[in-house]
file final-v9.cif (mmCIF, C-alpha atoms)
data_structure
loop_
_atom_site.group_PDB
_atom_site.id
_atom_site.type_symbol
_atom_site.label_atom_id
_atom_site.label_comp_id
_atom_site.auth_asym_id
_atom_site.auth_seq_id
_atom_site.Cartn_x
_atom_site.Cartn_y
_atom_site.Cartn_z
ATOM 1 C CA MET V 420 -3.806 -30.320 3.863
ATOM 2 C CA ALA V 421 -6.516 -28.017 5.094
ATOM 3 C CA LYS V 422 -4.149 -25.122 4.708
ATOM 4 C CA MET V 423 -3.375 -26.068 1.155
ATOM 5 C CA GLY V 424 -7.057 -26.411 0.467
ATOM 6 C CA ALA V 425 -7.690 -22.922 1.755
ATOM 7 C CA SER V 426 -4.938 -21.547 -0.471
ATOM 8 C CA LYS V 427 -6.239 -23.324 -3.525
ATOM 9 C CA ARG V 428 -9.688 -21.860 -3.069
ATOM 10 C CA LEU V 429 -8.308 -18.322 -3.127
ATOM 11 C CA GLN V 430 -8.678 -16.506 -6.396
ATOM 12 C CA CYS V 431 -6.973 -13.153 -6.604
ATOM 13 C CA VAL V 432 -7.172 -10.494 -9.289
ATOM 14 C CA GLY V 433 -3.973 -9.976 -11.239
ATOM 15 C CA ILE V 434 -1.914 -12.539 -9.366
ATOM 16 C CA THR V 435 -2.193 -16.243 -8.628
ATOM 17 C CA VAL V 436 -1.763 -17.894 -5.249
ATOM 18 C CA PRO V 437 1.381 -19.755 -6.409
ATOM 19 C CA GLU V 438 2.818 -16.400 -7.490
ATOM 20 C CA ILE V 439 2.034 -14.959 -4.062
ATOM 21 C CA GLN V 440 3.684 -17.965 -2.418
ATOM 22 C CA LYS V 441 6.760 -17.553 -4.551
ATOM 23 C CA ILE V 442 7.084 -13.853 -3.748
ATOM 24 C CA VAL V 443 6.538 -14.441 -0.040
ATOM 25 C CA ARG V 444 8.963 -17.333 0.143
ATOM 26 C CA ALA V 445 11.645 -15.270 -1.598
ATOM 27 C CA GLU V 446 11.313 -12.501 0.976
ATOM 28 C CA PHE V 447 10.961 -14.672 4.071
ATOM 29 C CA PRO V 448 13.425 -17.561 3.869
ATOM 30 C CA ASN V 449 12.453 -18.723 7.358
ATOM 31 C CA LEU V 450 9.056 -19.736 6.023
ATOM 32 C CA LYS V 451 9.558 -23.396 5.326
ATOM 33 C CA VAL V 452 7.336 -25.243 2.901
ATOM 34 C CA GLY V 453 4.407 -26.754 4.745
ATOM 35 C CA THR V 454 4.657 -24.368 7.684
ATOM 36 C CA TYR V 455 2.768 -21.454 6.184
ATOM 37 C CA SER V 456 -0.127 -20.797 3.871
ATOM 38 C CA VAL V 457 -1.552 -17.848 2.010
ATOM 39 C CA THR V 458 -4.921 -16.960 3.497
ATOM 40 C CA SER V 459 -5.963 -13.840 1.599
ATOM 41 C CA CYS V 460 -5.379 -11.897 -1.565
ATOM 42 C CA PRO V 461 -3.338 -8.692 -1.427
ATOM 43 C CA ASP V 462 -5.365 -5.783 -0.084
ATOM 44 C CA LYS V 463 -3.932 -2.344 0.535
ATOM 45 C CA LYS V 464 -6.799 -1.186 2.701
ATOM 46 C CA TYR V 465 -5.353 -2.672 5.863
ATOM 47 C CA ASN V 466 -1.960 -3.746 7.147
ATOM 48 C CA CYS V 467 -0.420 -6.025 9.740
ATOM 49 C CA ILE V 468 -1.182 -3.833 12.733
ATOM 50 C CA ALA V 469 -4.806 -3.442 11.659
ATOM 51 C CA TRP V 470 -5.104 -7.183 11.002
ATOM 52 C CA ALA V 471 -3.647 -8.027 14.408
ATOM 53 C CA ALA V 472 -6.157 -5.605 15.931
ATOM 54 C CA ASP V 473 -9.071 -7.163 13.997
ATOM 55 C CA ASP V 474 -9.619 -4.147 11.755
ATOM 56 C CA THR V 475 -9.738 -4.679 7.980
ATOM 57 C CA SER V 476 -10.942 -1.166 7.153
ATOM 58 C CA ASN V 477 -7.943 0.914 8.105
ATOM 59 C CA PHE V 478 -4.208 1.001 7.578
ATOM 60 C CA TRP V 479 -2.834 1.375 11.105
ATOM 61 C CA TRP V 480 0.384 3.292 11.505
ATOM 62 C CA PRO V 481 1.385 6.106 13.854
ATOM 63 C CA ILE V 482 2.785 8.212 11.019
ATOM 64 C CA GLY V 483 0.361 8.811 8.166
ATOM 65 C CA GLY V 484 -2.090 6.067 9.055
ATOM 66 C CA TYR V 485 -4.981 5.343 11.378
ATOM 67 C CA TRP V 486 -3.938 5.437 15.007
ATOM 68 C CA PRO V 487 -6.176 5.103 18.077
ATOM 69 C CA ASP V 488 -7.116 8.338 19.801
ATOM 70 C CA GLY V 489 -4.968 9.200 22.751
ATOM 71 C CA VAL V 490 -1.989 7.080 21.692
ATOM 72 C CA PRO V 491 1.186 8.994 20.795
ATOM 73 C CA ARG V 492 1.760 9.144 17.055
ATOM 74 C CA GLU V 493 5.324 7.955 17.294
ATOM 75 C CA ARG V 494 7.051 4.857 16.010
ATOM 76 C CA THR V 495 8.101 3.394 19.338
ATOM 77 C CA LEU V 496 7.411 0.048 20.954
ATOM 78 C CA ASP V 497 5.697 1.865 23.800
ATOM 79 C CA ALA V 498 3.276 3.566 21.401
ATOM 80 C CA PHE V 499 2.493 0.262 19.672
ATOM 81 C CA ILE V 500 1.840 -1.426 23.005
ATOM 82 C CA LYS V 501 -0.464 1.457 23.952
ATOM 83 C CA ALA V 502 -2.286 1.071 20.632
ATOM 84 C CA PHE V 503 -3.017 -2.595 21.377
ATOM 85 C CA GLU V 504 -3.962 -1.720 24.942
ATOM 86 C CA THR V 505 -6.861 0.262 23.476
ATOM 87 C CA LYS V 506 -8.121 -3.104 22.183
ATOM 88 C CA GLY V 507 -7.883 -4.749 25.587
ATOM 89 C CA TYR V 508 -4.423 -6.318 25.306
ATOM 90 C CA THR V 509 -1.822 -6.290 28.078
ATOM 91 C CA VAL V 510 1.861 -7.150 27.872
ATOM 92 C CA CYS V 511 2.808 -10.731 28.715
ATOM 93 C CA ASP V 512 6.066 -12.653 28.449
ATOM 94 C CA ASP V 513 4.855 -15.966 27.101
ATOM 95 C CA VAL V 514 4.131 -16.633 23.444
ATOM 96 C CA ARG V 515 2.710 -20.090 24.106
ATOM 97 C CA TYR V 516 -0.925 -20.662 23.267
ATOM 98 C CA GLU V 517 -3.303 -20.256 26.220
ATOM 99 C CA GLU V 518 -6.849 -21.457 25.971
ATOM 100 C CA GLY V 519 -9.260 -18.545 26.300
ATOM 101 C CA PHE V 520 -6.728 -15.882 25.325
ATOM 102 C CA GLU V 521 -5.721 -14.123 22.135
ATOM 103 C CA LYS V 522 -2.121 -13.059 21.701
ATOM 104 C CA VAL V 523 -0.353 -10.533 19.520
ATOM 105 C CA ALA V 524 3.372 -10.380 18.793
ATOM 106 C CA ILE V 525 5.117 -7.152 17.824
ATOM 107 C CA TYR V 526 8.244 -7.273 15.673
ATOM 108 C CA ALA V 527 10.899 -4.583 15.401
ATOM 109 C CA LYS V 528 14.155 -3.768 13.701
ATOM 110 C CA GLY V 529 16.327 -2.098 16.288
ATOM 111 C CA ASP V 530 13.942 0.069 18.269
ATOM 112 C CA LYS V 531 11.525 0.605 15.388
ATOM 113 C CA PRO V 532 8.388 -1.537 15.269
ATOM 114 C CA THR V 533 7.810 -3.052 11.853
ATOM 115 C CA HIS V 534 5.092 -5.662 12.140
ATOM 116 C CA ALA V 535 2.529 -7.449 14.273
ATOM 117 C CA ALA V 536 1.100 -10.970 14.120
ATOM 118 C CA ARG V 537 -1.909 -12.512 15.879
ATOM 119 C CA GLN V 538 -1.992 -16.011 17.306
ATOM 120 C CA ILE V 539 -4.462 -18.452 15.791
ATOM 121 C CA ASP V 540 -3.819 -21.686 17.646
ATOM 122 C CA ILE V 541 -1.133 -23.749 19.317
ATOM 123 C CA SER V 542 1.269 -23.583 16.384
ATOM 124 C CA LYS V 543 0.082 -20.873 14.017
ATOM 125 C CA TRP V 544 0.008 -17.107 13.832
ATOM 126 C CA THR V 545 -1.599 -14.920 11.200
ATOM 127 C CA SER V 546 0.047 -11.932 9.556
ATOM 128 C CA LYS V 547 -0.867 -9.386 6.966
ATOM 129 C CA LEU V 548 2.329 -8.705 5.042
ATOM 130 C CA GLY V 549 2.069 -4.928 4.683
ATOM 131 C CA PRO V 550 -0.261 -4.148 1.777
ATOM 132 C CA PHE V 551 0.286 -7.657 0.446
ATOM 133 C CA ALA V 552 -1.435 -10.915 1.412
ATOM 134 C CA ASP V 553 -2.341 -12.513 4.751
ATOM 135 C CA ILE V 554 -0.513 -15.672 5.664
ATOM 136 C CA SER V 555 -0.626 -18.133 8.542
ATOM 137 C CA HIS V 556 2.818 -19.075 9.810
ATOM 138 C CA ARG V 557 5.027 -19.984 12.712
ATOM 139 C CA LEU V 558 6.161 -17.103 14.864
ATOM 140 C CA ILE V 559 9.783 -17.154 13.731
ATOM 141 C CA GLY V 560 8.842 -17.726 10.093
ATOM 142 C CA ILE V 561 8.736 -14.039 9.330
ATOM 143 C CA GLU V 562 11.717 -12.975 11.403
ATOM 144 C CA GLY V 563 14.558 -11.677 9.286
ATOM 145 C CA ASN V 564 15.579 -8.733 7.167
ATOM 146 C CA GLN V 565 12.109 -7.406 6.496
ATOM 147 C CA TYR V 566 10.610 -7.284 10.012
ATOM 148 C CA GLY V 567 13.518 -7.960 12.327
ATOM 149 C CA LYS V 568 12.649 -9.935 15.474
ATOM 150 C CA LYS V 569 9.752 -10.376 17.839
ATOM 151 C CA VAL V 570 10.205 -7.887 20.653
ATOM 152 C CA ALA V 571 6.952 -8.007 22.606
ATOM 153 C CA THR V 572 3.917 -10.193 23.234
ATOM 154 C CA LEU V 573 0.498 -9.065 24.422
ATOM 155 C CA LYS V 574 -2.631 -10.981 25.332
ATOM 156 C CA ARG V 575 -6.299 -10.448 26.052
ATOM 157 C CA LYS V 576 -9.158 -12.657 27.037
ATOM 158 C CA LYS V 577 -11.210 -14.003 24.160
ATOM 159 C CA THR V 578 -14.699 -12.623 24.164
ATOM 160 C CA MET K 825 -10.392 -2.533 -5.471
ATOM 161 C CA GLU K 826 -10.508 -5.317 -2.914
ATOM 162 C CA GLY K 827 -8.159 -8.071 -3.852
ATOM 163 C CA HIS K 828 -6.787 -6.157 -6.774
ATOM 164 C CA TYR K 829 -3.091 -6.486 -7.160
ATOM 165 C CA ASN K 830 -1.171 -5.773 -10.250
ATOM 166 C CA PHE K 831 2.293 -6.818 -9.168
ATOM 167 C CA ASP K 832 4.426 -6.018 -12.094
ATOM 168 C CA SER K 833 2.165 -4.235 -14.412
ATOM 169 C CA ALA K 834 3.423 -0.896 -15.128
ATOM 170 C CA THR K 835 1.725 -1.278 -18.380
ATOM 171 C CA ALA K 836 -1.921 -0.752 -17.668
ATOM 172 C CA GLY K 837 -2.683 2.848 -18.413
ATOM 173 C CA SER K 838 0.893 3.668 -19.234
ATOM 174 C CA LEU K 839 1.533 6.813 -21.126
ATOM 175 C CA SER K 840 2.717 6.090 -24.595
ATOM 176 C CA PRO K 841 4.011 8.825 -26.845
ATOM 177 C CA HIS K 842 3.055 6.706 -29.795
ATOM 178 C CA SER K 843 -0.557 6.006 -29.022
ATOM 179 C CA PRO K 844 -2.453 4.934 -32.105
ATOM 180 C CA VAL K 845 -5.551 6.702 -30.843
ATOM 181 C CA ALA K 846 -4.348 10.246 -31.308
ATOM 182 C CA PRO K 847 -4.410 10.618 -35.078
ATOM 183 C CA ALA K 848 -7.710 8.871 -35.497
ATOM 184 C CA TYR K 849 -9.869 11.560 -33.940
ATOM 185 C CA PRO K 850 -9.271 15.261 -34.435
ATOM 186 C CA PRO K 851 -8.861 16.986 -31.098
ATOM 187 C CA ARG K 852 -11.456 19.488 -30.018
ATOM 188 C CA SER K 853 -9.472 20.900 -27.173
ATOM 189 C CA ARG K 854 -5.901 21.040 -26.075
ATOM 190 C CA THR K 855 -4.467 21.922 -22.719
ATOM 191 C CA VAL K 856 -0.876 22.182 -21.726
ATOM 192 C CA ARG K 857 0.057 21.785 -18.103
ATOM 193 C CA GLY K 858 3.382 22.046 -16.370
ATOM 194 C CA LYS K 859 6.477 23.995 -17.174
ATOM 195 C CA THR K 860 6.294 25.709 -20.467
ATOM 196 C CA SER K 861 9.840 25.573 -21.643
ATOM 197 C CA GLY K 862 11.706 23.015 -23.680
ATOM 198 C CA TYR K 863 12.110 19.451 -22.597
ATOM 199 C CA SER K 864 10.607 19.918 -19.170
ATOM 200 C CA ALA K 865 7.166 20.511 -20.608
ATOM 201 C CA VAL K 866 4.580 17.802 -20.294
ATOM 202 C CA ALA K 867 1.884 18.348 -22.837
ATOM 203 C CA ARG K 868 -1.445 16.776 -22.226
ATOM 204 C CA VAL K 869 -3.638 16.677 -25.274
ATOM 205 C CA ILE K 870 -7.246 15.932 -24.677
ATOM 206 C CA VAL K 871 -8.854 14.331 -27.643
ATOM 207 C CA ASP K 872 -12.545 14.676 -27.272
ATOM 208 C CA ALA K 873 -14.147 12.656 -29.975
ATOM 209 C CA ASN K 874 -17.849 12.331 -29.932
ATOM 210 C CA VAL K 875 -17.863 9.410 -32.286
ATOM 211 C CA SER K 876 -20.106 6.680 -30.948
ATOM 212 C CA GLY K 877 -19.802 8.250 -27.547
ATOM 213 C CA LEU K 878 -16.059 7.690 -27.543
ATOM 214 C CA ARG K 879 -14.010 10.005 -25.406
ATOM 215 C CA GLU K 880 -10.295 9.406 -25.257
ATOM 216 C CA SER K 881 -7.590 11.073 -23.270
ATOM 217 C CA VAL K 882 -4.114 10.775 -24.745
ATOM 218 C CA ASP K 883 -0.966 11.764 -22.943
ATOM 219 C CA TYR K 884 2.255 12.751 -24.673
ATOM 220 C CA ASP K 885 5.487 12.612 -22.815
ATOM 221 C CA PRO K 886 8.134 14.627 -24.639
ATOM 222 C CA SER K 887 10.264 15.075 -21.532
ATOM 223 C CA GLY K 888 10.022 11.444 -20.458
ATOM 224 C CA GLU K 889 8.650 12.396 -17.047
ATOM 225 C CA ALA K 890 5.676 10.079 -17.306
ATOM 226 C CA ARG K 891 7.902 7.150 -18.118
ATOM 227 C CA LYS K 892 10.284 8.130 -15.351
ATOM 228 C CA PHE K 893 7.379 8.269 -12.921
ATOM 229 C CA GLU K 894 6.100 4.851 -14.003
ATOM 230 C CA ARG K 895 9.555 3.344 -13.637
ATOM 231 C CA LEU K 896 10.076 4.808 -10.174
ATOM 232 C CA ALA K 897 6.542 3.899 -9.065
ATOM 233 C CA ARG K 898 7.018 0.312 -10.205
ATOM 234 C CA LYS K 899 10.282 0.009 -8.297
ATOM 235 C CA TRP K 900 8.791 1.655 -5.224
ATOM 236 C CA LYS K 901 5.889 -0.741 -5.229
ATOM 237 C CA LYS K 902 8.140 -3.744 -5.493
ATOM 238 C CA GLN K 903 10.546 -2.539 -2.821
ATOM 239 C CA THR K 904 7.827 -1.686 -0.298
ATOM 240 C CA MET K 905 5.324 -4.447 -0.948
ATOM 241 C CA PHE K 906 5.700 -5.995 2.517
ATOM 242 C CA MET K 907 5.928 -2.749 4.461
ATOM 243 C CA SER K 908 3.380 -1.490 6.902
ATOM 244 C CA ALA K 909 5.590 1.443 7.804
ATOM 245 C CA ILE K 910 4.275 4.403 5.866
ATOM 246 C CA ASP K 911 7.284 6.472 6.888
ATOM 247 C CA ASP K 912 9.601 3.820 5.441
ATOM 248 C CA MET K 913 7.536 3.723 2.246
ATOM 249 C CA ALA K 914 7.904 7.485 1.938
ATOM 250 C CA MET K 915 11.613 7.457 2.671
ATOM 251 C CA ASN K 916 12.205 4.895 -0.063
ATOM 252 C CA GLU K 917 14.666 6.224 -2.632
ATOM 253 C CA GLN K 918 12.296 5.849 -5.570
ATOM 254 C CA TYR K 919 9.506 7.622 -3.705
ATOM 255 C CA GLN K 920 11.841 10.454 -2.774
ATOM 256 C CA GLN K 921 12.836 10.813 -6.405
ATOM 257 C CA ILE K 922 9.180 11.082 -7.341
ATOM 258 C CA ILE K 923 8.718 13.836 -4.756
ATOM 259 C CA GLY K 924 11.810 15.476 -6.201
ATOM 260 C CA MET K 925 10.168 15.607 -9.626
ATOM 261 C CA GLY K 926 7.932 18.315 -8.202
ATOM 262 C CA SER K 927 4.556 19.551 -9.367
ATOM 263 C CA SER K 928 4.873 18.121 -12.869
ATOM 264 C CA THR K 929 4.328 14.683 -11.376
ATOM 265 C CA ILE K 930 0.981 15.537 -9.764
ATOM 266 C CA PRO K 931 -1.112 14.444 -12.804
ATOM 267 C CA PHE K 932 0.711 11.106 -12.896
ATOM 268 C CA ILE K 933 0.242 10.511 -9.186
ATOM 269 C CA LEU K 934 -3.442 11.393 -9.322
ATOM 270 C CA LYS K 935 -3.975 9.140 -12.307
ATOM 271 C CA LYS K 936 -2.175 6.302 -10.552
ATOM 272 C CA LEU K 937 -4.155 6.958 -7.398
ATOM 273 C CA LYS K 938 -7.408 6.707 -9.319
ATOM 274 C CA THR K 939 -6.609 3.435 -11.046
ATOM 275 C CA GLU K 940 -4.674 1.784 -8.264
ATOM 276 C CA PRO K 941 -5.097 3.460 -4.855
ATOM 277 C CA ASP K 942 -1.921 3.413 -2.831
ATOM 278 C CA PHE K 943 -0.010 5.507 -0.341
ATOM 279 C CA TRP K 944 0.781 8.444 -2.567
ATOM 280 C CA PHE K 945 -0.587 10.869 0.006
ATOM 281 C CA TRP K 946 2.771 11.677 1.573
ATOM 282 C CA ALA K 947 4.167 12.629 -1.834
ATOM 283 C CA LEU K 948 1.113 14.676 -2.752
ATOM 284 C CA GLN K 949 1.239 16.506 0.544
ATOM 285 C CA ALA K 950 4.962 17.167 0.190
ATOM 286 C CA ILE K 951 4.618 18.487 -3.344
ATOM 287 C CA THR K 952 1.417 20.508 -2.953
ATOM 288 C CA ARG K 953 1.958 21.579 0.664
ATOM 289 C CA THR K 954 -1.674 20.921 1.384
ATOM 290 C CA ASN K 955 -3.690 18.057 2.813
ATOM 291 C CA PRO K 956 -7.355 17.676 1.902
ATOM 292 C CA VAL K 957 -7.817 14.526 4.013
ATOM 293 C CA ARG K 958 -10.049 14.918 7.074
ATOM 294 C CA LYS K 959 -8.404 13.929 10.344
ATOM 295 C CA ASN K 960 -10.921 11.150 10.937
ATOM 296 C CA ASP K 961 -10.217 9.646 7.510
ATOM 297 C CA ILE K 962 -6.462 9.218 7.981
ATOM 298 C CA GLY K 963 -5.638 5.557 7.407
ATOM 299 C CA ASN K 964 -8.743 4.867 5.344
ATOM 300 C CA LEU K 965 -7.317 4.322 1.863
ATOM 301 C CA GLU K 966 -10.607 4.802 0.034
ATOM 302 C CA LYS K 967 -11.498 8.033 1.807
ATOM 303 C CA MET K 968 -7.977 9.438 1.517
ATOM 304 C CA THR K 969 -7.983 8.607 -2.185
ATOM 305 C CA ALA K 970 -11.383 10.228 -2.669
ATOM 306 C CA ALA K 971 -10.241 13.381 -0.870
ATOM 307 C CA TRP K 972 -7.171 13.752 -3.083
ATOM 308 C CA LEU K 973 -9.059 13.043 -6.307
ATOM 309 C CA LYS K 974 -11.611 15.665 -5.293
ATOM 310 C CA TRP K 975 -8.745 18.062 -4.625
ATOM 311 C CA GLY K 976 -7.310 17.227 -8.040
ATOM 312 C CA ARG K 977 -10.556 17.970 -9.853
ATOM 313 C CA ALA K 978 -10.975 21.211 -7.896
ATOM 314 C CA ASN K 979 -7.494 22.248 -8.982
ATOM 315 C CA GLY K 980 -7.901 21.555 -12.671
ATOM 316 C CA TYR K 981 -6.515 18.068 -13.040
ATOM 317 C CA SER K 982 -8.538 15.694 -15.165
ATOM 318 C CA VAL K 983 -9.046 12.747 -12.861
#
call {"tool": "encode", "arguments": {"input": "final-v9.cif", "output": "structure tokens"}}
result
Amino acid sequence: MAKMGASKRLQCVGITVPEIQKIVRAEFPNLKVGTYSVTSCPDKKYNCIAWAADDTSNFWWPIGGYWPDGVPRERTLDAFIKAFETKGYTVCDDVRYEEGFEKVAIYAKGDKPTHAARQIDISKWTSKLGPFADISHRLIGIEGNQYGKKVATLKRKKT
Amino acid sequence: MEGHYNFDSATAGSLSPHSPVAPAYPPRSRTVRGKTSGYSAVARVIVDANVSGLRESVDYDPSGEARKFERLARKWKKQTMFMSAIDDMAMNEQYQQIIGMGSSTIPFILKKLKTEPDFWFWALQAITRTNPVRKNDIGNLEKMTAAWLKWGRANGYSV
């Protein structure tokens, strides 16, 4: 109910929250009703990688976007891992929630990274859907045609 | 622009060849930009009416390029709305067709960029073979937009 409340309080320019939900649900069939909620209006200033890295000012991408200094500007899983390492993350093999840690999941189609999500709590992750809205969701909820599958998990200690 | 999202509105600011504004105020100045021959010409008529401080800019589209651009841009936006991958956005078929339209599409892109900032930078760079964006501003949508609009004004485009 809290999630629904948060969605209802959102007021976006040019599009309603139910319209956002409809668009998102059409694209991500694994998002079941009641397992996700819209948490922001669309905003092109930042994307999923930026959102996972706690940056809402830049659009992170190795080709044509912001990319941390010293990290290869190439669309490889290794480069994406290195990008998150600049924010204190290290690779781990467990997506389960750990008290005192933040986790990030990287998705890819084939060998090309497509998306990243950040863990919120024991059951939810948060994702910025490209230039579109932020949602909270289950990890597998956004797997599919658009982003492919989760291919890596990283964690860092909460500060 | 935060929160602004105009999902299916190709309409705002669209270029109508039948604008009711044009006949109402005699033009003071006319400029023609683009190819000069036949149907490929895009004539831009600036109607500068100083009536009650009104200044209108009316675009004619005898070749249909403006409408073609709007159609392709609308499709591109819809097809890439969940993408973080700038390279995938740029490789999109509609986007490639816009690049293929060449320099005549620059005024449309700049106008679109001004009213609804988006990742048109790849196309602009491909068409103009220049890049006015400072290295440190890559990924910052507002600063990239500002750099290209400044470039447009410096190169004679009315944006």
call {"tool": "resolve_selection", "arguments": {"input": "final-v9.cif", "expression": "the PyMOL selection byres ((chain V and resi 551) around 10)", "output": "list in words"}}
result
Ile439, Val443, Ser459, Cys460, Pro461, Asp462, Lys463, Lys464, Tyr465, Asn466, Cys467, Lys547, Leu548, Gly549, Pro550, Ala552, Asp553 and Ile554 of chain V; Gly827, Tyr829, Phe831, Thr904, Met905, Phe906, Met907 and Ser908 of chain K
call {"tool": "atom_distance", "arguments": {"input": "final-v9.cif", "atom1": "atom CA of K:Lys959", "atom2": "atom CA of V:Ile468"}}
result
19.3 Å
call {"tool": "closest_residue", "arguments": {"input": "final-v9.cif", "among": "K:Phe893, K:Phe932, K:Tyr919, K:Phe945", "to": "chain V", "atoms": "only C-alpha atoms"}}
result
K:Phe945
call {"tool": "resolve_selection", "arguments": {"input": "final-v9.cif", "expression": "the PyMOL selection byres ((chain V and resi 508) around 6)", "output": "tab-separated table (two decimals) with C-alpha atoms, in the coordinates of the input"}}
result
chain	number	residue	atom	x	y	z
V	503	PHE	CA	-3.02	-2.60	21.38
V	504	GLU	CA	-3.96	-1.72	24.94
V	506	LYS	CA	-8.12	-3.10	22.18
V	507	GLY	CA	-7.88	-4.75	25.59
V	509	THR	CA	-1.82	-6.29	28.08
V	573	LEU	CA	0.50	-9.06	24.42
V	574	LYS	CA	-2.63	-10.98	25.33
V	575	ARG	CA	-6.30	-10.45	26.05
call {"tool": "resolve_selection", "arguments": {"input": "final-v9.cif", "expression": "the PyMOL selection byres ((chain V and resi 479) around 12)", "output": "CSV table (one decimal) with C-alpha atoms, in the frame of the given file"}}
result
chain,number,residue,atom,x,y,z
V,463,LYS,CA,-3.9,-2.3,0.5
V,464,LYS,CA,-6.8,-1.2,2.7
V,465,TYR,CA,-5.4,-2.7,5.9
V,466,ASN,CA,-2.0,-3.7,7.1
V,467,CYS,CA,-0.4,-6.0,9.7
V,468,ILE,CA,-1.2,-3.8,12.7
V,469,ALA,CA,-4.8,-3.4,11.7
V,470,TRP,CA,-5.1,-7.2,11.0
V,471,ALA,CA,-3.6,-8.0,14.4
V,472,ALA,CA,-6.2,-5.6,15.9
V,473,ASP,CA,-9.1,-7.2,14.0
V,474,ASP,CA,-9.6,-4.1,11.8
V,475,THR,CA,-9.7,-4.7,8.0
V,476,SER,CA,-10.9,-1.2,7.2
V,477,ASN,CA,-7.9,0.9,8.1
V,478,PHE,CA,-4.2,1.0,7.6
V,480,TRP,CA,0.4,3.3,11.5
V,481,PRO,CA,1.4,6.1,13.9
V,482,ILE,CA,2.8,8.2,11.0
V,483,GLY,CA,0.4,8.8,8.2
V,484,GLY,CA,-2.1,6.1,9.1
V,485,TYR,CA,-5.0,5.3,11.4
V,486,TRP,CA,-3.9,5.4,15.0
V,487,PRO,CA,-6.2,5.1,18.1
V,488,ASP,CA,-7.1,8.3,19.8
V,492,ARG,CA,1.8,9.1,17.1
V,494,ARG,CA,7.1,4.9,16.0
V,499,PHE,CA,2.5,0.3,19.7
V,502,ALA,CA,-2.3,1.1,20.6
V,503,PHE,CA,-3.0,-2.6,21.4
V,533,THR,CA,7.8,-3.1,11.9
V,534,HIS,CA,5.1,-5.7,12.1
V,535,ALA,CA,2.5,-7.4,14.3
V,547,LYS,CA,-0.9,-9.4,7.0
V,549,GLY,CA,2.1,-4.9,4.7
V,550,PRO,CA,-0.3,-4.1,1.8
K,907,MET,CA,5.9,-2.7,4.5
K,908,SER,CA,3.4,-1.5,6.9
K,909,ALA,CA,5.6,1.4,7.8
K,910,ILE,CA,4.3,4.4,5.9
K,961,ASP,CA,-10.2,9.6,7.5
K,962,ILE,CA,-6.5,9.2,8.0
K,963,GLY,CA,-5.6,5.6,7.4
K,964,ASN,CA,-8.7,4.9,5.3
K,965,LEU,CA,-7.3,4.3,1.9
call {"tool": "closest_residue", "arguments": {"input": "final-v9.cif", "among": "K:Ile923, K:Ala890, K:Ala914, K:Leu934", "to": "chain V", "atoms": "all atoms listed in the file"}}
result
K:Ala914
call {"tool": "atom_distance", "arguments": {"input": "final-v9.cif", "atom1": "atom CA of V:Ser555", "atom2": "atom CA of V:Val457"}}
result
6.6 Å
call {"tool": "axis_aligned_box", "arguments": {"input": "final-v9.cif", "around": "stretch 440-453 of chain V", "padding_each_side": "3 Å", "output": "lines of an AutoDock Vina configuration file"}}
result
center_x = 8.6
center_y = -19.6
center_z = 1.4
size_x = 15.7
size_y = 20.3
size_z = 17.9
call {"tool": "closest_residue", "arguments": {"input": "final-v9.cif", "among": "V:Leu558, V:Ser542, V:Val523, V:Gln565", "to": "chain K", "atoms": "all atoms listed in the file"}}
result
V:Gln565
call {"tool": "closest_residue", "arguments": {"input": "final-v9.cif", "among": "K:Glu917, K:Asp911, K:Glu894, K:Asp885", "to": "chain V", "atoms": "all atoms listed in the file"}}
result
K:Asp911
call {"tool": "closest_residue", "arguments": {"input": "final-v9.cif", "among": "V:Ile434, V:Val570, V:Val452, V:Ile539", "to": "chain K", "atoms": "all atoms listed in the file"}}
result
V:Ile434
call {"tool": "atom_distance", "arguments": {"input": "final-v9.cif", "atom1": "atom CA of V:Cys511", "atom2": "atom CA of V:Ser456"}}
result
27.0 Å
call {"tool": "residues_around", "arguments": {"input": "final-v9.cif", "residues": "V:Gly560", "least_positions_apart": "5", "cutoff": "10 Å", "atoms": "all atoms listed in the file", "output": "number ranges by chain"}}
result
V: 444, 447-451, 454-455, 544, 555
call {"tool": "closest_residue", "arguments": {"input": "final-v9.cif", "among": "V:Pro532, V:Gly433, V:Gly567, V:Gly489", "to": "chain K", "atoms": "all atoms listed in the file"}}
result
V:Gly433
call {"tool": "residues_around", "arguments": {"input": "final-v9.cif", "residues": "V:Ile541", "least_positions_apart": "2", "cutoff": "9 Å", "atoms": "only C-alpha atoms", "output": "ChimeraX atom specification"}}
result
/V:515-517,538-539,543-544
call {"tool": "residues_around", "arguments": {"input": "final-v9.cif", "residues": "K:Leu948", "least_positions_apart": "3", "cutoff": "9 Å", "atoms": "all atoms listed in the file", "output": "list of chain:residue names"}}
result
K:Ile923, K:Ser927, K:Ile930, K:Ile933, K:Leu934, K:Trp944, K:Phe945, K:Ile951, K:Thr952, K:Arg953, K:Thr954, K:Asn955, K:Trp972
